[in-house]
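Quick look at data_18.txt (compact mmCIF, C-alpha atoms):
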```txt
# COMPACT_ATOMS: atom_id res chain seq x y z
CA MET A 11 41.76 160.84 55.62
CA VAL A 12 39.33 161.75 58.40
CA SER A 13 41.03 162.82 61.61
CA VAL A 14 40.21 161.13 64.90
CA ASP A 15 38.98 163.06 67.91
CA ALA A 16 41.30 161.14 70.19
CA GLU A 17 40.10 162.94 73.35
CA PRO A 18 36.28 162.75 73.40
CA TRP A 19 36.31 162.44 77.19
CA LEU A 20 37.52 165.97 77.93
CA PRO A 21 34.17 167.83 77.74
CA ALA A 22 32.67 165.45 80.30
CA ALA A 23 35.71 165.73 82.57
CA MET A 24 35.69 169.53 82.45
CA SER A 25 31.96 169.66 83.10
CA LEU A 26 32.34 167.36 86.11
CA LEU A 27 35.04 169.59 87.59
CA ASP A 28 32.67 172.60 87.38
CA VAL A 29 35.35 175.17 86.62
CA ARG A 30 34.32 178.60 87.93
CA ARG A 31 35.32 182.18 87.27
CA HIS A 32 38.25 183.31 89.41
CA ASP A 33 39.35 179.70 90.05
CA ARG A 34 43.02 178.91 90.46
CA LEU A 35 43.20 175.76 88.32
CA LEU A 36 45.92 173.17 87.85
CA ALA A 37 45.49 171.15 84.64
CA VAL A 38 47.77 168.19 83.91
CA GLY A 39 47.91 166.58 80.47
CA VAL A 40 45.30 168.88 78.89
CA PRO A 41 45.94 169.80 75.21
CA ILE A 42 45.63 173.13 73.42
CA ALA A 43 41.93 173.46 72.54
CA PRO A 44 40.56 172.46 75.99
CA ALA A 45 43.24 174.60 77.65
CA ARG A 46 41.96 177.66 75.80
CA HIS A 47 38.43 176.81 76.92
CA LEU A 48 39.55 176.49 80.54
CA ALA A 49 41.38 179.82 80.36
CA ALA A 50 38.20 181.48 79.12
CA ARG A 51 36.14 179.87 81.90
CA ILE A 52 38.29 181.14 84.76
CA GLY A 53 38.49 184.67 83.34
CA ARG A 54 41.15 187.29 83.83
CA ASP A 55 40.92 187.16 87.62
CA GLY A 56 41.62 183.41 87.69
CA GLU A 57 44.85 181.53 87.14
CA LEU A 58 45.57 178.44 85.04
CA VAL A 59 48.74 176.38 85.39
CA LEU A 60 49.14 173.76 82.65
CA VAL A 61 51.54 170.87 83.18
CA LEU A 62 52.51 168.86 80.09
CA ARG A 63 55.08 166.14 79.49
CA ASP A 64 55.40 166.96 75.77
CA ARG A 65 57.75 169.92 75.27
CA GLN A 66 56.56 170.69 71.74
CA GLN A 67 52.93 170.89 72.83
CA ALA A 68 53.91 173.03 75.81
CA GLU A 69 55.78 175.43 73.53
CA GLN A 70 52.72 175.69 71.27
CA LEU A 71 50.56 176.55 74.24
CA ALA A 72 53.06 179.06 75.59
CA ALA A 73 53.22 180.73 72.17
CA LEU A 74 49.49 181.55 72.42
CA ASP A 75 50.40 183.93 75.26
CA LEU A 76 47.08 183.35 77.02
CA GLU A 77 46.36 185.77 79.83
CA HIS A 78 46.91 184.37 83.34
CA VAL A 79 48.16 181.04 81.97
CA GLN A 80 51.46 179.43 82.95
CA VAL A 81 52.82 176.41 81.08
CA ILE A 82 55.21 173.94 82.74
CA VAL A 83 57.00 170.97 81.16
CA ASN A 84 57.20 168.10 83.62
CA GLU A 85 57.26 164.44 82.63
CA ALA A 86 56.23 163.05 86.01
CA ALA A 87 53.92 165.77 87.43
CA ALA A 88 52.07 163.52 89.91
CA GLY A 89 53.15 164.03 93.49
CA GLU A 90 54.88 167.37 92.84
CA ARG A 91 53.80 170.74 94.21
CA PHE A 92 53.00 173.55 91.77
CA GLY A 93 51.11 175.90 94.09
CA THR A 94 47.79 176.08 95.91
CA PHE A 95 44.70 175.67 93.73
CA ASP A 96 40.92 175.63 93.91
CA ALA A 97 40.61 172.84 91.35
CA LEU A 98 42.70 170.12 89.71
CA LEU A 99 42.10 168.34 86.42
CA MET A 100 44.39 165.51 85.35
CA ALA A 101 43.45 164.03 81.97
CA PRO A 102 46.37 162.51 80.05
CA ALA A 103 45.39 160.97 76.72
CA THR A 104 47.46 157.83 77.29
CA GLY A 105 49.79 156.18 79.79
CA PRO A 106 52.09 155.33 81.27
CA LEU A 107 50.48 156.49 84.50
CA PRO A 108 52.23 157.34 87.76
CA PRO A 109 51.66 155.16 90.84
CA LEU A 110 48.31 155.54 92.59
CA GLY A 111 49.96 157.05 95.64
CA ALA A 112 51.51 159.78 93.52
CA LEU A 113 48.08 160.74 92.15
CA ALA A 114 46.74 161.16 95.68
CA ASP A 115 49.82 163.17 96.59
CA LEU A 116 49.21 165.48 93.63
CA ALA A 117 45.76 166.38 94.97
CA ARG A 118 46.88 166.73 98.58
CA ALA A 119 49.95 168.80 97.72
CA ASN A 120 48.26 171.24 95.34
CA LEU A 121 44.64 171.73 96.44
CA ARG A 122 43.44 174.02 99.19
CA PRO A 123 41.19 172.37 101.80
CA GLY A 124 37.88 171.72 100.05
CA GLY A 125 39.47 172.05 96.63
CA ARG A 126 37.91 169.97 93.85
CA PHE A 127 39.60 167.40 91.62
CA VAL A 128 38.85 165.20 88.63
CA PHE A 129 41.16 162.44 87.48
CA ASP A 130 40.24 161.24 83.99
CA LEU A 131 42.70 158.49 83.09
CA PRO A 132 43.05 155.67 80.57
CA GLY A 133 40.81 152.78 81.56
CA ALA A 134 41.81 149.18 82.04
CA PRO A 135 41.96 148.65 79.11
CA MET A 136 41.37 151.92 77.27
CA LEU A 137 40.81 150.68 73.69
CA PRO A 138 39.83 147.00 73.73
CA GLU A 139 39.53 146.68 69.94
CA LEU A 140 42.92 148.20 69.22
CA LEU A 141 44.54 146.11 71.94
CA ALA A 142 42.89 142.94 70.61
CA ALA A 143 44.28 143.69 67.13
CA ALA A 144 47.75 144.12 68.61
CA ARG A 145 47.44 140.82 70.45
CA ASP A 146 46.46 139.17 67.15
CA LEU A 147 49.96 140.15 66.03
CA GLY A 148 51.51 138.56 69.12
CA TRP A 149 52.68 141.85 70.59
CA PRO A 150 53.48 141.61 74.33
CA GLU A 151 51.39 143.53 76.86
CA ALA A 152 54.41 145.62 77.88
CA ARG A 153 54.52 146.94 74.31
CA LEU A 154 50.97 148.25 74.77
CA ALA A 155 51.38 149.91 78.18
CA ALA A 156 50.27 153.33 76.88
CA LEU A 157 46.73 151.99 76.43
CA HIS A 158 46.51 150.31 79.83
CA GLY A 159 45.32 152.39 82.76
CA CYS A 160 43.62 151.63 86.05
CA ALA A 161 40.16 150.47 87.10
CA ASP A 162 37.77 153.07 88.52
CA ASP A 163 37.20 151.19 91.79
CA THR A 164 40.96 150.82 92.33
CA LEU A 165 41.53 154.55 91.79
CA ALA A 166 38.57 155.61 93.94
CA ASP A 167 39.54 153.31 96.83
CA GLY A 168 43.13 154.50 96.69
CA LEU A 169 42.12 158.17 96.82
CA ARG A 170 39.72 157.56 99.71
CA ASN A 171 42.36 155.65 101.64
CA ALA A 172 44.71 158.61 101.14
CA GLY A 173 42.26 160.83 103.02
CA LEU A 174 40.55 162.60 100.11
CA ARG A 175 36.84 163.30 100.54
CA ALA A 176 33.61 162.84 98.56
CA VAL A 177 35.40 160.53 96.14
CA HIS A 178 33.14 159.00 93.51
CA GLY A 179 33.47 157.46 90.09
CA VAL A 180 31.53 158.61 87.01
CA LEU A 181 30.84 156.66 83.83
CA GLY A 182 33.72 157.08 81.40
CA ALA A 183 32.66 155.11 78.31
CA HIS A 184 32.83 156.83 74.92
CA LEU A 185 32.67 155.98 71.24
CA LEU A 186 35.78 156.93 69.31
CA GLU A 187 34.98 157.70 65.67
CA ALA A 188 37.69 157.05 63.06
CA GLY A 189 37.55 157.55 59.32
CA SER A 190 39.38 154.28 58.71
CA PRO A 191 41.45 151.62 60.51
CA GLY A 192 44.55 153.56 59.48
CA ASP A 193 43.24 156.74 61.11
CA LEU A 194 42.65 154.86 64.35
CA VAL A 195 46.20 153.47 64.38
CA ASP A 196 47.71 156.84 63.44
CA ALA A 197 45.95 158.51 66.37
CA TYR A 198 47.88 156.31 68.83
CA ALA A 199 51.04 155.54 66.85
CA GLU A 200 53.16 158.08 68.70
CA ALA A 201 51.96 156.96 72.13
CA LEU A 202 52.76 153.35 71.21
CA ASP A 203 56.07 154.35 69.59
CA LEU A 204 55.21 152.56 66.35
CA GLY A 205 57.57 152.48 63.39
CA ASP A 206 56.24 152.56 59.83
CA ASP A 207 56.18 148.76 59.52
CA GLU A 208 54.40 148.37 62.85
CA ARG A 209 51.79 150.97 61.85
CA LEU A 210 51.07 149.00 58.71
CA GLN A 211 50.89 145.68 60.58
CA LEU A 212 48.52 147.06 63.19
CA THR A 213 46.37 148.77 60.55
CA HIS A 214 45.97 145.45 58.73
CA ALA A 215 45.10 143.71 62.01
CA VAL A 216 42.42 146.32 62.81
CA LEU A 217 41.14 146.06 59.24
CA ARG A 218 40.73 142.30 59.55
CA ARG A 219 38.67 142.76 62.69
CA ALA A 220 36.64 145.63 61.22
CA SER A 221 35.97 143.73 57.98
CA GLY A 222 36.26 146.91 55.92
CA THR A 223 38.33 149.98 55.13
CA GLY A 224 35.67 152.59 55.88
CA PRO A 225 34.71 154.53 59.02
CA LEU A 226 34.51 152.68 62.30
CA SER A 227 33.43 153.33 65.87
CA VAL A 228 35.34 151.75 68.73
CA LEU A 229 34.63 151.72 72.44
CA LEU A 230 36.96 153.79 74.58
CA HIS A 231 37.13 153.33 78.37
CA ARG A 232 38.23 156.07 80.75
CA THR A 233 38.52 155.93 84.53
CA ARG A 234 36.90 159.14 85.79
CA VAL A 235 36.92 159.93 89.51
CA ALA A 236 36.00 163.18 91.24
CA GLY A 237 36.32 164.38 94.81
CA GLN A 238 37.67 166.98 97.20
CA ARG A 239 40.69 167.47 99.35
```
Step by step, read the file and then write its structure as structure tokens.
Amino acid sequence: MVSVDAEPWLPAAMSLLDVRRHDRLLAVGVPIAPARHLAARIGRDGELVLVLRDRQQAEQLAALDLEHVQVIVNEAAAGERFGTFDALLMAPATGPLPPLGALADLARANLRPGGRFVFDLPGAPMLPELLAAARDLGWPEARLAALHGCADDTLADGLRNAGLRAVHGVLGAHLLEAGSPGDLVDAYAEALDLGDDERLQLTHAVLRRASGTGPLSVLLHRTRVAGQR
């Protein structure tokens, strides 16, 4: 089995944020490997606060005992205040997403004036091929909510209307490489809360569309918006 890099958007999102040494950085929904990279970028005089909704992942990060890194478990995150920061990165792998107003509140409540932000969220839709395979099975849209996000123009307009500045969208299209249809399904099985039978059904549906059991590339859409408070 070939593993799937289920988060190919993170390098682009981190580059867009332009993390600097000594930054106080709030990162929401960022997994272990990118978190270590961010900690190295800010250096020992910076501060990184990581907010995760998955307790097990948060405990793994906390166990690394990274210098100047604080890990918080919070399922909602958006709209809450965690401190005053120079930069904010929110990049959850999947939904469900908080309301648009809560995203704007997160930036306003946690960034200093002039502070930078990047929201990199599931697109609308995030994985068209996987969603199409699920629809072939007759699964309802509500069952697939984790792979439905928001459109970039909707997010950008909402952030501008909330008073945030220099808001602009950046292309968020990527190719997701999977070793097989089964690898693709396994990468999102937890987010979709799939049982064993459902995994098998969805794998067969993807296989029928892919016309083969070998490696495949699927288009992945992210909504990526940057700006300042």
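Taking all atoms listed in the file into account, those protein, DNA and RNA residues with any atom at most 6 Å away from (38.1, 153.3, 64.4) amount to Glu187, Ala188, Ser190, Pro191, Leu194, Leu226, Ser227 and Val228 of chain A.
Nearest-residue note for Thr104 in chain A: choosing from A:Leu174, A:Val83, A:Glu17, A:Ala142, the minimum distance belongs to A:Glu17, counting only C-alpha atoms.
Take the candidates A:Ala73, A:Leu62, A:Leu99, A:Ala197 and check each one against Val29 in chain A using only C-alpha atoms; the shortest distance goes to A:Leu99.
Taking CA of Pro21 in chain A as the reference point, CA of Leu154 in chain A is found at 26.0 Å.
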Show me, as AutoDock Vina command-line options, the centre and edge lengths in Å to one decimal of the axis-aligned box that covers every listed atom of range 111-122 of chain A with 5 Å on each side.
```
--center_x 47.5 --center_y 165.5 --center_z 95.7 --size_x 18.1 --size_y 27.0 --size_z 17.0
```
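Using all atoms listed in the file, the shortest contact distance between Arg219 in chain A and any of A:Ala117, A:Met136, A:Ala144, A:Ile52 is found at A:Ala144.
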Of A:Phe92, A:Leu48, A:Leu98, A:Val38, the one sitting nearest Glu77 in chain A when using all atoms listed in the file is A:Leu48
Quick one: residues within 7 Å of range 137-141 of chain A, all atoms listed in the file, excluding same-chain residues fewer than 4 positions away - as an MDAnalysis selection string?
chainID A and resid 145 157 216 228:231
Do a neighbour search on Ala68 in chain A at 12 Å with all atoms listed in the file, toss out local chain neighbours closer than 5 positions, and write the hits as number ranges by chain.
A: 38-42, 45, 59-63, 73-75, 79-85
Provide the CA of His47 in chain A to CA of Gln67 in chain A distance in Å, to one decimal place.
16.2 Å
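Minimum atom-to-atom distance to Tyr198 in chain A, evaluated using all atoms listed in the file, belongs to A:Ala103 out of A:Asp162, A:Leu116, A:Ala103, A:Leu210.
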Neighbours of Cys160 in chain A within 8 Å (all atoms listed in the file; same-chain residues fewer than 5 positions away dropped), as a JSON list (two decimals) with C-alpha atoms, in the coordinates of the input?
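After the write, selection.json holds the following:
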```
[["chain", "number", "residue", "atom", "x", "y", "z"],
["A", 131, "LEU", "CA", 42.70, 158.49, 83.09],
["A", 132, "PRO", "CA", 43.05, 155.67, 80.57],
["A", 133, "GLY", "CA", 40.81, 152.78, 81.56],
["A", 134, "ALA", "CA", 41.81, 149.18, 82.04],
["A", 135, "PRO", "CA", 41.96, 148.65, 79.11],
["A", 165, "LEU", "CA", 41.53, 154.55, 91.79],
["A", 233, "THR", "CA", 38.52, 155.93, 84.53]]
```
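From CA of Asp115 in chain A back to CA of Arg239 in chain A, the distance works out to 10.5 Å.
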